[in-house]
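A quick write-up on the structure given underneath.
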Amino acid sequence: MVLASSNPGKLAEYRQLAQGLPIEMELLPNFASIPAFEESAPTFSENGAGKALYYSQHTDEIVLSDDSGLVVRALGGAPGVHSARYAGPNATGEERVAKLLREMNGKDDRTARFVCVTALTRQGRAIAVVSDSAEGTITREPRGAGGFGYDPIFFFPPLAHTFAEISQAEKNTHSHRGKAFQKVFSLLLSPGSLPLFHP
């Protein structure tokens, strides 16, 4: 199975999620040489499924793609589907975090939600599209050295830590991406689904 991404942090997270499953995950070969899919849709579902369908035309393997992001109520749902480009197309995770914290200055409602829509496709055909979320709040400064993206400022009340302060195993259990991934593989490995692994 190939991941429609060039993000090694995301691949490492998915490999952790797939431990113990009969799945081998790699980044899509030559991803950088394929014209980029324009994630211009207004919803995570459209972007996630569209991206998976697009990149499945470039491989015979099953393609996994997700569109995920941070939805902050006080910012009207921003950064939302623009989470990865919130501070510009080439901004670092630290720069995106810094911009969001500036935007949150003076706001009392710090409620936030991580959302993930995960899609599986093969050769232009959709296999599954699922979604899940994690509820939390935005901290006033980054905390923790783990994770990536907005993890250092996403406080998860059930564990009383940010996603950057918890172990990878804990994050896999509670994160938006981890829960969506488990849904996908429950469907994929259910009776009648195994033939999808063969051409």
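If you're wondering about the labels, chains in the structure tokens are A, B, ... by order shown, residues count from 1 in each chain, ligands from 1 in order shown.
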
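Residues surrounding Ala74 (chain A) within 8 Å are Met104, Lys107, Asp109, Arg110 and Thr111 of chain A [only C-alpha atoms; sequence separation below 6 positions excluded].
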
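Excluding Ser45 (chain A) itself and any same-chain residue fewer than 6 positions from it, the protein and nucleic acid residues within 12 Å of it, counting only C-alpha atoms, are Glu39, Lys51, Ala52, Ser65, Asp66, Asp67, Ser68, Gly69, Gly80, Val81, Val115, Cys116, Val117, Thr118, Ala119, Ala128, Val129, Val130, Ser131 and Asp132 of chain A.
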
Within 9 Å of Tyr14 (chain A), counting only C-alpha atoms, which residues qualify if same-chain residues fewer than 6 places away don't, as a PyMOL selection string?
chain A and resi 3+25+172+177-178+181

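Pairwise distance (CA of Ala41 (chain A), CA of Leu75 (chain A)) equals 19.2 Å.
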
Among the residues of chain A, find those DSSP assigns to helix (DSSP H, G or I) from the backbone and print them as a ChimeraX atom specification.
/A:8-17,31-33,44-58,73-75,80-85,93-103,151-153,157-159,168-174,176-188,194-197

Quote the spacing between CA of Leu17 (chain A) and CA of Ser133 (chain A) in Å to one decimal place.
16.0 Å

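The gap separating CA of Ser186 (chain A) from CA of Pro22 (chain A) is 12.3 Å, in Å to one decimal.
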
Neighbour list for Tyr86 (chain A) as a PyMOL selection string, cut-off 12 Å, only C-alpha atoms, skip fewer than 5 positions in-chain:
chain A and resi 69-71+78-81+91-101+103+149-150

Atoms to include: N, CA and C atoms. Write the selected residues as a short mmCIF file (atom, residue, chain, number, x, y, z; two decimals), in the first residue's frame.
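Saved file part-v6.cif follows:
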```cif
data_model
loop_
_atom_site.label_atom_id
_atom_site.label_comp_id
_atom_site.auth_asym_id
_atom_site.auth_seq_id
_atom_site.Cartn_x
_atom_site.Cartn_y
_atom_site.Cartn_z
N GLY A 69 -6.81 18.24 9.19
CA GLY A 69 -6.49 19.59 9.58
C GLY A 69 -7.11 19.97 10.90
N LEU A 70 -6.81 21.16 11.30
CA LEU A 70 -7.25 21.69 12.58
C LEU A 70 -8.39 22.69 12.35
N VAL A 71 -9.48 22.49 13.07
CA VAL A 71 -10.65 23.36 12.96
C VAL A 71 -10.80 24.09 14.30
N ALA A 78 -11.18 28.05 10.75
CA ALA A 78 -9.82 28.08 10.22
C ALA A 78 -8.88 27.38 11.22
N PRO A 79 -7.74 26.91 10.75
CA PRO A 79 -7.28 26.89 9.36
C PRO A 79 -8.00 25.85 8.48
N GLY A 80 -8.65 24.85 9.06
CA GLY A 80 -9.47 23.92 8.30
C GLY A 80 -8.74 23.23 7.17
N VAL A 81 -9.35 23.24 5.98
CA VAL A 81 -8.74 22.55 4.84
C VAL A 81 -7.45 23.23 4.39
N ALA A 91 5.76 27.19 4.28
CA ALA A 91 5.98 27.47 5.70
C ALA A 91 6.28 26.19 6.47
N THR A 92 7.04 26.32 7.53
CA THR A 92 7.34 25.19 8.40
C THR A 92 6.20 24.99 9.40
N GLY A 93 6.23 23.85 10.07
CA GLY A 93 5.24 23.60 11.11
C GLY A 93 5.30 24.67 12.19
N GLU A 94 6.50 25.08 12.53
CA GLU A 94 6.67 26.10 13.57
C GLU A 94 6.05 27.43 13.13
N GLU A 95 6.19 27.76 11.85
CA GLU A 95 5.61 29.01 11.35
C GLU A 95 4.09 28.96 11.34
N ARG A 96 3.53 27.80 11.01
CA ARG A 96 2.06 27.67 11.04
C ARG A 96 1.53 27.78 12.47
N VAL A 97 2.25 27.15 13.40
CA VAL A 97 1.86 27.23 14.80
C VAL A 97 1.92 28.67 15.28
N ALA A 98 2.99 29.37 14.94
CA ALA A 98 3.17 30.75 15.39
C ALA A 98 2.05 31.64 14.85
N LYS A 99 1.67 31.45 13.59
CA LYS A 99 0.59 32.26 13.02
C LYS A 99 -0.72 31.99 13.74
N LEU A 100 -1.01 30.72 13.99
CA LEU A 100 -2.28 30.39 14.65
C LEU A 100 -2.33 31.00 16.05
N LEU A 101 -1.22 30.91 16.77
CA LEU A 101 -1.20 31.49 18.12
C LEU A 101 -1.40 33.01 18.07
N GLU A 103 -3.17 34.58 15.82
CA GLU A 103 -4.59 34.77 15.50
C GLU A 103 -5.47 34.53 16.74
N GLY A 149 3.37 19.19 12.93
CA GLY A 149 2.27 20.09 12.63
C GLY A 149 1.81 20.87 13.86
N TYR A 150 0.51 20.84 14.09
CA TYR A 150 -0.09 21.61 15.20
C TYR A 150 -0.11 20.84 16.51
#
```

Any idea what's packed within 10 Å of Phe185 (chain A), counting only C-alpha atoms, ignoring anything in its chain fewer than 3 positions away? Could you give it as an MDAnalysis selection string?
chainID A and resid 18 21 23 120 128 180:182 188:190 193

Quick one: everything within 12 Å of Thr121 (chain A), counting only C-alpha atoms, minus sequence neighbours fewer than 5 positions away in the same chain. Send it as a PyMOL selection string.
chain A and resi 1-4+48-66+126-129+184+188+196-197

Please provide the set of residues having any atom within 12 Å of His161 (chain A), restricted to only C-alpha atoms, with same-chain residues fewer than 2 positions apart removed, written as a PyMOL selection string.
chain A and resi 136-139+142-146+151-159+163-167+170-171+174

Enumerate, as a ChimeraX atom specification, the complete set of residues in region 73-159 of chain A that a backbone-based DSSP assignment places in strand (DSSP E).
/A:111-122,125-138,154-156
